[in-house]
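*Asks:* Here's a structure for you.
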Amino acid sequence: MLFCSALVKDKTKMKLNNTDINSKANFKPLKTLIYYLWNRREKAMRFRMLIALALLFISKIFNVYAPIYYKKAVDALSINVSEVSLIIMPLGVILAYGAARIGAQFFNEVKDMLFVRVEHRALRQIALETFEYLHALSLRFHLDRKTGGLSRSIERGTNAIETLLRFMIFNILPTIFEIIMVSIVLSSIYKLSFALVTLTTLTIYIIFTICLTEYRTNFVRRMNQTDTEANTKAIDSLLNYETVKYFNNEKHEAARYDISLEQYEIAAIKSKQLMSVLNIGQGVIISVGLIVIMIMAASQVISSKMSIGDFVLVNTYLIQLYLPLNILGFAYREIKLSLINMEQMFSLFREPQEIKDLNQSKELTIQKGKIIFENVSFGYTPERQILNDVSFEIPEGKTLAIVGPSGAGKSTISRLLFRFYDVLEGRILIDNQDIRDVTQSSLRKGIGIVPQDTILFNETIYYNISYGQPQSEKSDVIKAAKLAKIHDFIMQTPDQYLTSVGERGLKLSGGEKQRVAIARTLLKKPKIFLFDEATSALDTHTEKTIQENLREVSKGHTTIIIAHRLSTVVDADEILVLDQGKIIERGVHSQLLQKKGVYAQMWKRQLESKEILASFPNEA
């Protein structure tokens with residue numbers, strides 16, 4: 001224990017793969033894991049698990065009995081008996097020994113065959129529930145998250161489950177069970193001292209391995225940290241190759257890189273040296289234990305209290321127990337890290353669901369599509385108020401346009417309508433139904449949006465358009481593409497509708513992505529349309545054509561247009577001008593121009609910047 005204390009005092013705080021392995025390993029994830037393994041919804045899985053555990057212990061029983069038959073074979077060959085006995089007796093015992101070995105292997109493999117379905121069903125359920133829960137979390141969580149870190153947490157968590165099952169359930173726990181059985185056998189057949197020596201040897205072995213592994217982990221962590229630093233510096237330097245050359249800083253970059261390499265070298269040398277010390281120490285402990293056992297057994301053989309077979313048996317047991325414990329240091333570190341990684345993944349379930357359906361929530365029924373914002377106030381944080389007492393009404397089948405400078409709160413209105421956030425004050429009604437009293441699914445089903453920032457899935461064009469209504473017929477998808485003026489472009493590509501759009505749609509231009517997004521929304525056939533800068537990435541000619549199509553498609557539907565280009569809102573039934581979260585002007589296009597206020601100034605600036613001239617030459 002003094003050795004352990006000395007090592008613990010020398011620990012340093014370092015990071016490994018963004019996970020602090022010095023963190024206290026919380027065993028709560030085990031309880032969660034058992035819940036998924038002991039699947040109450042699938043009795044067949046529970047039955048498989050029970051059978052697998054039973055087979056595991058049966059295989060260990062065979063494993064404990066195998067050396068006993070080996071001992072009997074040695075004894076049978078060590079005494080003078082008749083020729084018949086020499087032929088028959090060893091053969092029977094040898095066959096029994098072989099059967100025990102085969103039985104141990106057989107039941108162990110059958111156990112794996114049965115348990116693998118339980119394991120992967122649990123992994124599947126955990127992954128699926130995590131995925132579903134992440135989608136149920138609010139937009140606030142997803143705006144704050146770091147996607148790479150979140151993805152790594154889930155990946156490490158699922159991998160940790162497999163690691164934990166492999167080492168703890170199928171290595172450590174069975175070995176502990178085997179140690180107990182061997183101790184019982186030794187104490188019942190021989191003197192209690194044999195069992196005590198065996199247990200003492202294994203206890204010292206385990207303590208030494210855990211303590212030295214804890215200490216060595218600091219250097220493994222340091223290796224990972226410095227390796228990451230070196231890799232980051234190398235990539236950063238090569239990506240900025242021209243800058244390095246411009247300033248003649250090749251030697252400076254090499255020196256920075258070498259600092260990390262040197263630190264890695266020091267940590268790697270120390271880690272490998274400690275690994276050798278670990279192996280030596282483990283070997284010495286086991287060897288000392290074997291020597292003590294052999295001396296004790298030899299003295300018993302000399303005094304005729306034990307046979308040669310007994311001498312072999314006690315040594316075989318110690319060696320047999322040593323083999324699975326040979327990876328104890330690695331297994332201990334992996335189990336500890338797995339518990340931490342699992343805790344990080346399961347902690348996602350503790351994230352509050354900011355927007356939740358009420359128990360009595362009903363399906364939204366849209367008959368007319370009348371929308372009312374009634375004294376709505378909202379802020380993302382108490383210090384950041386976005387909307388202040390905003391009220392407006394969109395009658396059935398009418399079009400409302402919302403314009404204003406950046407940060408005025410235009411896009412916040414669309415997020416509140418979709419109920420990504422709940423209003424702090426006031427309420428939002430659709431056909432006199434407060435959207436907080438209806439299910440989120442039915443609410444979002446009735447609204448179609450073409451967002452300002454079009455994000456596409458790394459799939460085909462067909463998939464991205466059909467995403468608006470996944471069960472649609474191909475003819476409907478093509479019809480939507482034609483309305484969005486994207487069909488001709490698609491047909492010119494080699495794979496046509498099966499053309500891949502790439503990560504986030506980066507293989508398409510901004511205008512092409514926006515037209516796919518428009519087609520996707522048209523396919524959804526919602527009761528309410530919301531266009532958030534829907535044609536901002538299009539050229540003037542295409543914009544005008546698509547606007548005519550959108551007006552045609554949305555005719556008779558309640559429509560909200562959020563726009564920067566004022567040319568897209570001139571035909572709106574009402575235009576709201578937002579500034580600093582308040583409605584400062586409202587009316588139709590001609591009325592707002594006559595007021596010569598903020599809207600008129602915006603119109604004038606856009607005319608001067610030639611954004612509207614092409615569409616409205618007479619206004620110049």
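Naming scheme: A, B, ... for chains in displayed order of the structure tokens; residues 1 onward per chain; ligands 1 onward as shown.
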Using DSSP on the backbone coordinates, identify the residues of stretch 436-575 of chain A assigned to alpha helix (DSSP H); present them as a VMD selection string.

*Replies:* chain A and resid 440 to 445 461 to 466 474 to 483 487 to 492 510 to 524 540 to 553

*Asks:* Give me, as a PyMOL selection string, all polymer residues having an atom no more than 10 Å from A:Ser414, counting only C-alpha atoms and skipping those fewer than 5 positions away in the same chain.

*Replies:* chain A and resi 409+419-420+449+451+530-532+560-562

*Asks:* Take the residues just selected and output them with N, CA, C and O atoms as a compact mmCIF listing (two decimals), in the first residue's frame.

*Replies:*
# COMPACT_ATOMS: atom_id res chain seq x y z
N GLY A 409 -35.01 40.50 -35.47
CA GLY A 409 -35.88 39.48 -34.89
C GLY A 409 -36.73 38.75 -35.91
O GLY A 409 -37.67 38.03 -35.56
N ARG A 419 -42.16 26.51 -32.93
CA ARG A 419 -42.02 26.16 -31.52
C ARG A 419 -40.68 25.47 -31.21
O ARG A 419 -40.60 24.49 -30.49
N PHE A 420 -39.62 26.04 -31.79
CA PHE A 420 -38.28 25.63 -31.37
C PHE A 420 -37.99 26.23 -30.00
O PHE A 420 -37.15 25.74 -29.25
N ILE A 449 -41.34 25.27 -44.67
CA ILE A 449 -40.39 26.38 -44.65
C ILE A 449 -39.29 26.18 -45.68
O ILE A 449 -38.81 25.06 -45.90
N PRO A 451 -35.76 27.66 -45.66
CA PRO A 451 -34.91 28.47 -44.77
C PRO A 451 -33.87 29.28 -45.53
O PRO A 451 -33.59 29.03 -46.71
N LEU A 530 -43.80 29.31 -45.12
CA LEU A 530 -42.90 30.29 -44.53
C LEU A 530 -41.63 30.33 -45.39
O LEU A 530 -40.92 29.34 -45.49
N PHE A 531 -41.39 31.48 -46.00
CA PHE A 531 -40.20 31.64 -46.85
C PHE A 531 -39.24 32.60 -46.17
O PHE A 531 -39.51 33.80 -46.07
N ASP A 532 -38.12 32.07 -45.69
CA ASP A 532 -37.11 32.88 -44.99
C ASP A 532 -35.96 33.13 -45.96
O ASP A 532 -35.07 32.30 -46.13
N ILE A 560 -45.98 33.47 -44.88
CA ILE A 560 -45.10 34.46 -44.25
C ILE A 560 -43.83 34.53 -45.08
O ILE A 560 -43.20 33.49 -45.36
N ILE A 561 -43.44 35.73 -45.46
CA ILE A 561 -42.20 35.92 -46.22
C ILE A 561 -41.27 36.78 -45.37
O ILE A 561 -41.61 37.91 -45.02
N ILE A 562 -40.12 36.23 -45.05
CA ILE A 562 -39.07 36.99 -44.37
C ILE A 562 -38.03 37.33 -45.43
O ILE A 562 -37.49 36.43 -46.08

*Asks:* Could you pull the residues within 12 Å of A:Lys482, counting only C-alpha atoms, minus those fewer than 4 positions along the same chain, as a list of chain:residue names?

*Replies:*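 Selected residues are A:Ile465, A:Ser475, A:Asp476, A:Val477, A:Ile478, A:Ile486, A:His487, A:Asp488, A:Phe489, A:Ile490, A:Met491, A:Arg515, A:Val516, A:Ile518, A:Ala519, A:Arg520, A:Leu522, A:Leu523, A:Thr545, A:Ile546, A:Asn549, A:Leu550.
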
*Asks:* Please measure the separation of atom CA of A:Tyr380 and atom CA of A:Gln353, giving the value in Å to one decimal.

*Replies:*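 Rounded to one decimal, the two atoms are 15.7 Å apart.
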
*Asks:* Rank A:Leu134, A:Ile51, A:Val438, A:Leu387 by their smallest atom-to-atom distance to A:Gly426, using only C-alpha atoms, and report the top residue only.

*Replies:*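 Of A:Leu134, A:Ile51, A:Val438, A:Leu387, the one nearest A:Gly426 is A:Leu387, counting only C-alpha atoms.
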
*Asks:* Can you list, as a ChimeraX atom specification, every protein, DNA or RNA residue that comes within 10 Å of A:Gly404 when you count only C-alpha atoms, leaving out same-chain residues fewer than 5 positions away?

*Replies:* /A:409-410,562-564,566,576-581,583-585,598-599,602

*Asks:* Name the closest residue to A:Val284 among the candidates A:Ile308, A:Leu337, A:Val182, A:Leu202; distances are taken between atoms, counting only C-alpha atoms.

*Replies:*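 Distance minimum relative to A:Val284 lands on A:Leu202.
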
*Asks:* Point out the residue among A:Thr568, A:Ser303, A:Gln514, A:Gln601 with the least atom-to-atom distance to A:Ile402, counting only C-alpha atoms.

*Replies:*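 Of A:Thr568, A:Ser303, A:Gln514, A:Gln601, the one nearest A:Ile402 is A:Thr568, counting only C-alpha atoms.
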
*Asks:* Could you name the residues that touch A:Ile184 at 12 Å or less, counting only C-alpha atoms, but leaving out those on the same chain fewer than 6 positions away, as a count of residues only?

*Replies:* 13

*Asks:* Take atom CA of A:Asn218 and atom CA of A:Met342 and report the distance between them in Å, one decimal.

*Replies:*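 Atom-to-atom, atom CA of A:Asn218 and atom CA of A:Met342 are spaced 21.0 Å apart.
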